[in-house]
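K.L.:
Contents of start_14.cif (mmCIF, C-alpha atoms) are given next:
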```
data_data
loop_
_atom_site.label_atom_id
_atom_site.label_comp_id
_atom_site.auth_asym_id
_atom_site.auth_seq_id
_atom_site.Cartn_x
_atom_site.Cartn_y
_atom_site.Cartn_z
CA MET S 73 41.15 86.51 127.72
CA MET S 74 39.36 83.66 125.95
CA ARG S 75 36.65 81.41 126.82
CA ASN S 76 33.77 79.13 125.93
CA LEU S 77 30.84 78.41 123.66
CA THR S 78 27.29 78.94 124.80
CA ALA S 79 24.09 77.15 123.78
CA GLN S 80 22.93 80.47 122.29
CA PHE S 81 26.03 80.57 120.11
CA ARG S 82 25.53 76.98 118.93
CA ALA S 83 22.01 77.92 117.84
CA LEU S 84 23.39 80.90 115.94
CA VAL S 85 25.91 78.64 114.22
CA VAL S 86 23.16 76.34 113.01
CA ALA S 87 21.17 79.28 111.67
CA ALA S 88 24.20 80.88 110.05
CA THR S 89 25.46 77.76 108.31
CA VAL S 90 22.25 76.36 106.85
CA GLY S 91 22.64 76.15 103.10
CA PHE S 92 26.42 76.63 103.06
CA ALA S 93 28.44 74.08 101.13
CA PRO S 94 32.01 73.67 102.36
CA PRO S 95 34.13 76.00 100.20
CA ALA S 96 37.53 75.09 98.83
CA HIS S 97 40.67 75.75 100.80
CA ALA S 98 42.88 78.58 99.65
CA ALA S 99 45.38 76.02 98.39
CA ASP S 100 42.91 75.02 95.67
CA THR S 101 43.38 78.32 93.83
CA ALA S 102 46.17 80.82 93.42
CA ILE S 103 46.26 83.50 96.11
CA PRO S 104 46.53 86.97 94.52
CA ALA S 105 49.36 89.17 95.73
CA THR S 106 47.12 92.23 95.52
CA PRO S 107 44.19 92.27 97.96
CA GLU S 108 40.65 92.60 96.67
CA ALA S 109 38.84 95.92 97.08
CA GLY S 110 36.51 96.55 99.98
CA SER S 111 36.61 96.44 103.76
CA PHE S 112 37.88 93.65 105.98
CA LYS S 113 36.25 93.37 109.39
CA ILE S 114 38.14 91.66 112.17
CA GLY S 115 36.81 91.02 115.67
CA ILE S 116 39.04 91.58 118.67
CA GLU S 117 38.89 91.59 122.46
CA PRO S 118 41.08 93.56 124.91
CA TRP S 119 43.81 90.94 125.25
CA LEU S 120 47.44 91.86 124.59
CA GLY S 121 48.00 88.65 122.61
CA TYR S 122 46.08 90.30 119.76
CA GLY S 123 48.14 93.45 120.11
CA GLN S 124 49.99 93.45 116.80
CA TRP S 125 46.77 94.40 115.02
CA HIS S 126 46.77 97.63 117.06
CA VAL S 127 50.41 98.23 116.10
CA ALA S 128 49.52 97.64 112.45
CA GLU S 129 46.69 100.16 112.67
CA ALA S 130 48.76 102.78 114.48
CA LYS S 131 51.72 102.46 112.11
CA GLY S 132 49.76 102.38 108.85
CA LEU S 133 50.81 98.82 108.09
CA PHE S 134 47.42 97.71 106.78
CA LYS S 135 47.63 100.28 104.01
CA ALA S 136 51.27 99.33 103.41
CA SER S 137 50.05 95.79 102.77
CA GLY S 138 47.53 97.06 100.23
CA LEU S 139 44.43 97.02 102.45
CA SER S 140 42.43 100.21 102.10
CA ASP S 141 39.82 99.61 104.81
CA VAL S 142 40.50 97.33 107.79
CA GLN S 143 37.89 97.68 110.51
CA ILE S 144 38.93 96.43 113.93
CA VAL S 145 35.67 95.73 115.76
CA ASN S 146 36.02 95.65 119.54
CA PHE S 147 34.15 93.24 121.80
CA THR S 148 34.28 92.68 125.54
CA GLU S 149 32.67 89.25 125.78
CA ASP S 150 33.30 86.00 123.95
CA LYS S 151 29.64 85.35 123.28
CA ASP S 152 29.32 88.58 121.32
CA ILE S 153 32.36 88.09 119.10
CA ASN S 154 31.34 84.46 118.50
CA ALA S 155 27.81 85.49 117.50
CA ALA S 156 29.09 88.23 115.18
CA LEU S 157 31.37 85.78 113.41
CA ALA S 158 28.62 83.16 113.15
CA SER S 159 26.17 85.63 111.65
CA GLY S 160 28.62 86.95 109.05
CA GLN S 161 29.06 90.40 110.57
CA LEU S 162 32.80 89.72 110.79
CA ASP S 163 35.20 88.35 108.19
CA ALA S 164 37.65 87.09 110.78
CA ALA S 165 38.18 86.95 114.53
CA ASN S 166 40.94 86.56 117.08
CA ILE S 167 40.04 83.74 119.44
CA ALA S 168 41.55 81.02 121.61
CA THR S 169 42.50 77.77 119.90
CA HIS S 170 40.03 75.79 122.00
CA THR S 171 37.27 78.27 121.10
CA ALA S 172 38.04 77.78 117.42
CA MET S 173 37.70 74.04 117.92
CA GLY S 174 34.32 74.52 119.55
CA MET S 175 33.17 76.70 116.66
CA VAL S 176 34.12 74.12 114.04
CA ALA S 177 32.64 71.29 116.10
CA ALA S 178 29.40 73.29 116.26
CA GLY S 179 29.37 73.66 112.48
CA LEU S 180 30.73 77.16 111.88
CA PRO S 181 32.69 77.23 108.58
CA VAL S 182 35.97 78.88 109.62
CA LYS S 183 39.65 78.05 109.26
CA ILE S 184 42.72 78.85 111.33
CA VAL S 185 45.08 80.78 109.06
CA LEU S 186 47.55 82.19 111.61
CA LEU S 187 48.87 81.31 115.07
CA LEU S 188 48.99 84.66 116.87
CA ASP S 189 50.45 83.95 120.30
CA VAL S 190 50.97 81.37 122.97
CA SER S 191 50.82 81.95 126.70
CA MET S 192 53.96 80.85 128.50
CA ALA S 193 53.66 82.36 131.97
CA ALA S 194 50.66 84.63 131.39
CA ASP S 195 48.27 81.86 132.46
CA ALA S 196 49.20 80.02 135.62
CA MET S 197 48.28 78.28 138.84
CA ILE S 198 49.49 80.20 141.88
CA ALA S 199 49.74 79.12 145.49
CA GLY S 200 50.86 80.26 148.91
CA LYS S 201 53.74 78.88 150.95
CA ASP S 202 51.88 75.74 152.10
CA VAL S 203 51.42 74.31 148.59
CA ASN S 204 54.57 73.35 146.70
CA SER S 205 53.43 71.01 143.93
CA VAL S 206 50.37 70.01 141.93
CA ALA S 207 50.27 66.82 143.99
CA ASP S 208 49.72 69.00 147.08
CA LEU S 209 46.38 70.12 145.63
CA LYS S 210 44.67 66.89 146.67
CA GLY S 211 41.65 67.75 148.82
CA LYS S 212 42.34 71.47 148.68
CA GLN S 213 40.16 74.32 147.44
CA VAL S 214 41.13 75.79 144.07
CA ALA S 215 39.65 79.05 142.78
CA PHE S 216 39.21 79.33 139.00
CA GLU S 217 36.72 80.47 136.39
CA GLU S 218 34.84 77.57 134.87
CA GLY S 219 34.69 77.21 131.09
CA THR S 220 37.81 79.30 130.50
CA THR S 221 41.51 78.91 129.82
CA SER S 222 41.97 78.62 133.58
CA ASP S 223 39.64 75.61 133.57
CA ILE S 224 41.69 73.99 130.79
CA LEU S 225 45.01 74.69 132.52
CA LEU S 226 43.85 73.33 135.88
CA LYS S 227 42.50 70.08 134.46
CA TYR S 228 45.57 69.64 132.25
CA ALA S 229 47.88 70.08 135.26
CA LEU S 230 45.86 67.62 137.31
CA ALA S 231 45.83 65.01 134.53
CA LYS S 232 49.56 65.39 134.00
CA ASN S 233 50.02 64.52 137.67
CA GLY S 234 47.67 61.53 137.64
CA MET S 235 44.78 63.43 139.21
CA SER S 236 41.39 64.78 138.17
CA ILE S 237 39.04 67.56 139.20
CA ALA S 238 37.47 65.08 141.64
CA ASP S 239 40.71 65.22 143.67
CA VAL S 240 40.28 68.92 144.51
CA GLN S 241 37.54 71.20 145.79
CA PRO S 242 36.58 73.57 142.94
CA VAL S 243 35.71 77.13 143.97
CA PRO S 244 34.21 78.76 140.86
CA MET S 245 34.72 82.52 140.51
CA PRO S 246 35.80 85.05 137.87
CA ALA S 247 39.49 85.00 136.98
CA ALA S 248 39.72 88.62 138.14
CA ASP S 249 38.77 87.51 141.68
CA ALA S 250 40.71 84.25 141.96
CA GLY S 251 44.05 85.87 142.82
CA SER S 252 42.39 88.14 145.38
CA ALA S 253 40.78 85.12 147.03
CA LEU S 254 44.22 83.55 147.41
CA ILE S 255 45.72 86.74 148.89
CA ALA S 256 42.80 87.06 151.31
CA GLY S 257 43.35 83.50 152.51
CA ARG S 258 39.97 82.26 151.31
CA VAL S 259 41.61 79.60 149.13
CA PRO S 260 45.14 78.11 149.11
CA VAL S 261 45.38 77.89 145.30
CA ALA S 262 44.10 79.97 142.37
CA VAL S 263 44.27 79.64 138.61
CA THR S 264 44.16 82.90 136.67
CA TYR S 265 46.04 84.99 134.11
CA GLU S 266 47.78 88.33 133.71
CA PRO S 267 47.60 90.99 134.95
CA TYR S 268 45.98 89.25 137.95
CA LEU S 269 49.02 87.00 138.43
CA THR S 270 51.37 89.96 138.79
CA THR S 271 48.97 91.76 141.12
CA ALA S 272 48.70 88.75 143.43
CA ARG S 273 52.44 88.16 143.57
CA ALA S 274 53.10 91.85 144.23
CA GLN S 275 50.72 91.79 147.21
CA ASN S 276 52.23 88.71 148.86
CA LYS S 277 55.85 87.63 148.44
CA ASP S 278 54.94 84.06 149.41
CA VAL S 279 52.73 83.61 146.34
CA LYS S 280 54.50 81.55 143.68
CA LEU S 281 53.84 80.09 140.26
CA LEU S 282 52.94 76.44 140.72
CA PHE S 283 52.17 75.47 137.12
CA THR S 284 52.21 77.61 133.97
CA ALA S 285 50.87 77.29 130.45
CA GLY S 286 54.50 77.11 129.35
CA GLU S 287 54.58 73.50 130.55
CA ASP S 288 52.96 72.74 127.18
CA PRO S 289 53.55 75.74 124.87
CA GLY S 290 50.44 76.31 122.79
CA LEU S 291 48.00 74.73 125.23
CA ILE S 292 46.77 78.26 125.90
CA SER S 293 47.07 79.99 122.54
CA ASP S 294 45.26 82.32 120.18
CA VAL S 295 44.60 82.07 116.48
CA LEU S 296 43.17 84.10 113.63
CA VAL S 297 40.14 82.38 112.13
CA VAL S 298 38.59 83.44 108.83
CA ARG S 299 35.20 82.46 107.45
CA ASP S 300 35.45 79.91 104.64
CA GLU S 301 33.46 82.11 102.29
CA VAL S 302 35.98 84.95 102.80
CA ILE S 303 38.89 82.58 102.18
CA LYS S 304 37.26 81.63 98.90
CA SER S 305 36.08 85.05 97.73
CA ARG S 306 38.80 87.37 99.12
CA PRO S 307 42.01 85.36 99.56
CA GLY S 308 44.15 88.39 98.68
CA GLN S 309 42.79 90.29 101.65
CA VAL S 310 43.53 87.38 103.98
CA LEU S 311 47.11 87.18 102.70
CA ALA S 312 47.55 90.94 103.15
CA MET S 313 46.28 90.73 106.73
CA ILE S 314 48.88 88.09 107.53
CA LYS S 315 51.61 90.26 106.00
CA ALA S 316 50.40 93.21 108.09
CA TRP S 317 50.61 91.12 111.29
CA ASP S 318 54.18 90.11 110.46
CA ALA S 319 55.17 93.69 109.64
CA ALA S 320 53.67 94.85 112.93
CA LEU S 321 55.56 92.19 114.86
CA ALA S 322 58.83 93.23 113.19
CA ASP S 323 58.09 96.84 114.18
CA TYR S 324 57.28 95.71 117.73
CA LYS S 325 60.57 93.86 118.02
CA ALA S 326 62.46 96.91 116.74
CA ASP S 327 60.69 99.25 119.18
CA THR S 328 59.27 97.10 121.96
CA PRO S 329 58.58 99.97 124.42
CA GLY S 330 56.71 101.87 121.72
CA GLY S 331 54.78 98.78 120.66
CA ARG S 332 53.84 97.96 124.23
CA ALA S 333 52.60 101.51 124.74
CA ILE S 334 50.31 101.20 121.69
CA ILE S 335 48.96 97.83 122.79
CA SER S 336 48.50 98.81 126.44
CA LYS S 337 46.50 101.89 125.46
CA ALA S 338 44.34 99.80 123.11
CA VAL S 339 43.48 97.24 125.80
CA GLY S 340 42.85 99.92 128.43
CA SER S 341 45.80 99.38 130.77
CA SER S 342 49.14 100.96 131.54
CA VAL S 343 52.45 99.59 130.30
CA GLU S 344 53.55 99.23 133.92
CA ASP S 345 50.58 97.01 134.71
CA LEU S 346 51.16 94.82 131.66
CA ASN S 347 54.96 94.52 131.35
CA THR S 348 55.05 91.18 133.18
CA ALA S 349 52.11 89.99 131.13
CA PHE S 350 53.92 90.90 127.91
CA ASP S 351 56.92 88.92 129.11
CA GLY S 352 54.69 85.88 129.60
CA VAL S 353 53.33 85.88 126.04
CA ARG S 354 55.13 84.78 122.89
CA TYR S 355 53.99 86.33 119.59
CA TYR S 356 54.37 84.21 116.46
CA SER S 357 55.94 85.61 113.31
CA LEU S 358 55.19 84.57 109.75
CA ALA S 359 58.37 82.48 109.62
CA GLU S 360 57.43 80.70 112.84
CA ASN S 361 53.92 80.10 111.49
CA LYS S 362 55.32 78.42 108.40
CA ASP S 363 56.89 75.82 110.68
CA ALA S 364 54.14 75.65 113.30
CA LEU S 365 51.01 75.29 111.18
CA THR S 366 52.39 72.22 109.44
CA GLY S 367 54.62 71.14 112.32
CA ASP S 368 54.31 70.98 116.11
CA PHE S 369 51.12 73.03 116.32
CA SER S 370 49.24 70.64 114.06
CA THR S 371 50.97 67.40 115.09
CA LYS S 372 51.22 67.81 118.87
CA THR S 373 49.71 71.01 120.26
CA PHE S 374 46.40 70.58 118.46
CA ALA S 375 45.86 67.17 120.06
CA ASP S 376 46.83 68.48 123.50
CA VAL S 377 44.41 71.41 123.26
CA GLU S 378 41.62 69.15 121.98
CA ALA S 379 42.12 66.68 124.83
CA ALA S 380 42.27 69.46 127.43
CA ALA S 381 39.15 71.16 126.03
CA LYS S 382 37.24 67.88 126.13
CA ASN S 383 38.44 67.20 129.67
CA ALA S 384 37.23 70.67 130.69
CA GLY S 385 33.84 70.03 129.09
CA LEU S 386 34.35 72.77 126.50
CA LEU S 387 34.41 70.51 123.45
CA GLN S 388 31.91 67.74 122.78
CA ALA S 389 32.99 66.51 119.33
CA ASP S 390 36.18 65.49 117.55
CA VAL S 391 37.94 67.93 115.24
CA THR S 392 41.08 67.45 113.17
CA PRO S 393 43.96 69.70 112.06
CA GLU S 394 43.09 68.91 108.42
CA GLN S 395 39.55 70.10 109.05
CA MET S 396 40.58 73.32 110.77
CA ILE S 397 44.02 74.57 109.69
CA ASP S 398 44.64 76.25 106.32
CA PRO S 399 48.41 76.89 106.03
CA ALA S 400 48.23 78.09 102.42
CA PHE S 401 48.38 81.77 103.34
CA VAL S 402 51.49 81.62 105.49
CA LYS S 403 53.11 79.48 102.81
CA ALA S 404 52.25 82.07 100.15
CA ALA S 405 53.39 85.09 102.16
CA GLN S 406 56.90 86.40 101.53
#
```
Just give me the structure of the file as C-alpha cells.

P.N.:
Amino acid sequence: MMRNLTAQFRALVVAATVGFAPPAHAADTAIPATPEAGSFKIGIEPWLGYGQWHVAEAKGLFKASGLSDVQIVNFTEDKDINAALASGQLDAANIATHTAMGMVAAGLPVKIVLLLDVSMAADAMIAGKDVNSVADLKGKQVAFEEGTTSDILLKYALAKNGMSIADVQPVPMPAADAGSALIAGRVPVAVTYEPYLTTARAQNKDVKLLFTAGEDPGLISDVLVVRDEVIKSRPGQVLAMIKAWDAALADYKADTPGGRAIISKAVGSSVEDLNTAFDGVRYYSLAENKDALTGDFSTKTFADVEAAAKNAGLLQADVTPEQMIDPAFVKAAQ
C-alpha cells in the first residue's frame, strides 16, 4: 500500500521545483466543462483503493467524460512514483494522505483534489489469544514495517492508550511477513494490512483484530494529488478525471462483483483473496468529497494524520489544509 519519503526523493523535489512560482488555485479561474486536448498521465500502484481508475478504463468512462487519452502508469514502489511526480513525468498520482503531506513539506507543488478511499479494517493490529487490548502490548514484541501505514497505525494506537513506541519491543519487517511471524509464534502482535490480515486470521482462529484504522476513519487514507502547473494549465482535464472516478464508483456500486473482478485482475490478485480487503475499504464518491474536503477531512482528519505522521517520523515540517487541499474541482463537478 503506501509509504514514506526518501532522502533521494527530497533531493528530486528540490531539483524539480527550482524556479517554480506557486500557481493559482483552480478557484481563481473558471474551470472549463470540456477538458483540454492531450494526454493525462496518472501514477498508480497495485492497491485496490485506487481501483475505480481501472473500472473507468475498462468501462470507457474516461472517454465518456471527454478525455481522449488517459495513461495509467503502473509503479510497484513508492519511491518510483514519487520521483516520477517530482520530475514532471506524471500529471497526477494516487498516494497516501501522509505521503502527500511529506511531498508538500519537501517542497513539491501538488494539491489534493480528491479523497479516494479510507481504510476501515484493511489496516489493523492483530494478536493471538494472550493479548486482548492495546494496553497488553506493554513490553511485548510487535512486528511491523517501519515508515509505512503500519508504523502510523501502531504509534497512533499506542498514543491513544497513553503509551509510546518505547513501551513495546519493535520488530521491524515487511508488512507481508508480519502476519506470518505472528502465526509462527515469533511475535505476539503484528501490524499489517490486507490481504495479509485475512491470510493470518484464516490460518489461526485465535488471531483477532486488536485495533483497526477504522478507529479514526481517514487516518489511513488515499488521495489524488495533481501538480500545481497542471491545475493551472489543464483544469478541465482534472475536472473530467474526477467525474470519471465518480462514474466508475457508481458503476462499481451497481455491479460490485464485476467491479471487484476488474480491480482484482488489475492489482494481480483473485477476487477470493481480496473480498475481505474490499469490505475493509470505503471508496469516496463525488458527493462525499464535497462534504469531506471542506468538512471533517480538512478540520479533523488532516490534523490526526499530520500528528500521526510526525509521531512516526515520516513528516518533519508543518503543513496545513489550506496549503494542500483544493476543493474547487469537486465543487465544480455535477

K.L.:
Residues proximal to (56.3, 98.0, 122.1) were defined as those with any atom within 10 Å of that point in the file's coordinates, counting only C-alpha atoms. Which are they, as a PyMOL selection string?

P.N.:
chain S and resi 123-124+127+321+323-336+343+347+350

K.L.:
Starting from the displayed file, determine the output of the PyMOL selection byres ((chain S and resi 217) around 7) and express the residue list as a PyMOL selection string.

P.N.:
chain S and resi 216+218-220+222-223+244-247

K.L.:
Select, from S:Leu120, S:Ile153, S:Met235, S:Ile114, the residue with the minimum atom-to-atom distance to S:Lys337, counting all atoms listed in the file.

P.N.:
S:Leu120

K.L.:
So the first atom is atom CA of S:Ser357 and the second is atom CA of S:Thr169; what is the distance between them in Å, to one decimal place?

P.N.:
16.9 Å

K.L.:
Find, counting only C-alpha atoms, the residue in S:Glu108, S:Glu266, S:Asp202, S:Asp239 that gets nearest to S:Thr221.

P.N.:
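So, comparing all the options, the nearest one is S:Glu266.
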
K.L.:
Complete stretch 282-303 of chain S with N, CA, C and O atoms (output as a compact mmCIF listing (two decimals), in the coordinates of the input).

P.N.:
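For reference, out37.txt as written:
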```
# COMPACT_ATOMS: atom_id res chain seq x y z
N LEU S 282 52.90 77.88 140.47
CA LEU S 282 52.94 76.44 140.72
C LEU S 282 52.96 75.65 139.42
O LEU S 282 53.61 74.60 139.32
N PHE S 283 52.24 76.16 138.41
CA PHE S 283 52.17 75.47 137.12
C PHE S 283 51.75 76.52 136.08
O PHE S 283 50.78 77.24 136.29
N THR S 284 52.50 76.61 134.99
CA THR S 284 52.21 77.61 133.97
C THR S 284 51.83 76.97 132.64
O THR S 284 52.13 75.80 132.39
N ALA S 285 51.23 77.78 131.78
CA ALA S 285 50.87 77.29 130.45
C ALA S 285 52.10 76.90 129.64
O ALA S 285 52.01 76.11 128.70
N GLY S 286 53.26 77.43 130.04
CA GLY S 286 54.50 77.11 129.35
C GLY S 286 54.93 75.67 129.50
O GLY S 286 55.85 75.22 128.81
N GLU S 287 54.28 74.93 130.42
CA GLU S 287 54.58 73.50 130.55
C GLU S 287 54.26 72.77 129.25
O GLU S 287 54.82 71.71 128.96
N ASP S 288 53.31 73.29 128.50
CA ASP S 288 52.96 72.74 127.18
C ASP S 288 52.68 73.93 126.26
O ASP S 288 51.52 74.31 126.07
N PRO S 289 53.74 74.54 125.69
CA PRO S 289 53.55 75.74 124.87
C PRO S 289 52.50 75.54 123.78
O PRO S 289 52.60 74.60 122.99
N GLY S 290 51.51 76.41 123.77
CA GLY S 290 50.44 76.31 122.79
C GLY S 290 49.14 75.81 123.38
O GLY S 290 48.08 75.97 122.79
N LEU S 291 49.22 75.21 124.57
CA LEU S 291 48.00 74.73 125.23
C LEU S 291 47.02 75.89 125.39
O LEU S 291 45.82 75.76 125.14
N ILE S 292 47.55 77.02 125.83
CA ILE S 292 46.77 78.26 125.90
C ILE S 292 47.30 79.16 124.79
O ILE S 292 48.39 79.73 124.90
N SER S 293 46.59 79.26 123.71
CA SER S 293 47.07 79.99 122.54
C SER S 293 45.91 80.65 121.82
O SER S 293 44.75 80.35 122.07
N ASP S 294 46.26 81.58 120.94
CA ASP S 294 45.26 82.32 120.18
C ASP S 294 45.54 82.22 118.69
O ASP S 294 46.71 82.19 118.27
N VAL S 295 44.48 82.22 117.92
CA VAL S 295 44.60 82.07 116.48
C VAL S 295 43.71 83.08 115.77
O VAL S 295 42.76 83.62 116.34
N LEU S 296 44.03 83.32 114.50
CA LEU S 296 43.17 84.10 113.63
C LEU S 296 42.35 83.12 112.82
O LEU S 296 42.90 82.28 112.10
N VAL S 297 41.02 83.21 112.95
CA VAL S 297 40.14 82.38 112.13
C VAL S 297 39.43 83.26 111.12
O VAL S 297 39.06 84.40 111.41
N VAL S 298 39.25 82.72 109.92
CA VAL S 298 38.59 83.44 108.83
C VAL S 298 37.45 82.57 108.31
O VAL S 298 37.59 81.34 108.20
N ARG S 299 36.34 83.20 108.01
CA ARG S 299 35.20 82.46 107.45
C ARG S 299 35.58 81.84 106.11
O ARG S 299 36.26 82.47 105.29
N ASP S 300 35.13 80.61 105.88
CA ASP S 300 35.45 79.91 104.64
C ASP S 300 35.06 80.70 103.40
O ASP S 300 35.77 80.71 102.40
N GLU S 301 33.92 81.37 103.46
CA GLU S 301 33.46 82.11 102.29
C GLU S 301 34.39 83.28 101.98
O GLU S 301 34.56 83.66 100.80
N VAL S 302 35.02 83.86 103.01
CA VAL S 302 35.98 84.95 102.80
C VAL S 302 37.27 84.40 102.22
O VAL S 302 37.89 85.00 101.33
N ILE S 303 37.70 83.24 102.73
CA ILE S 303 38.89 82.58 102.18
C ILE S 303 38.71 82.32 100.69
O ILE S 303 39.65 82.50 99.90
```
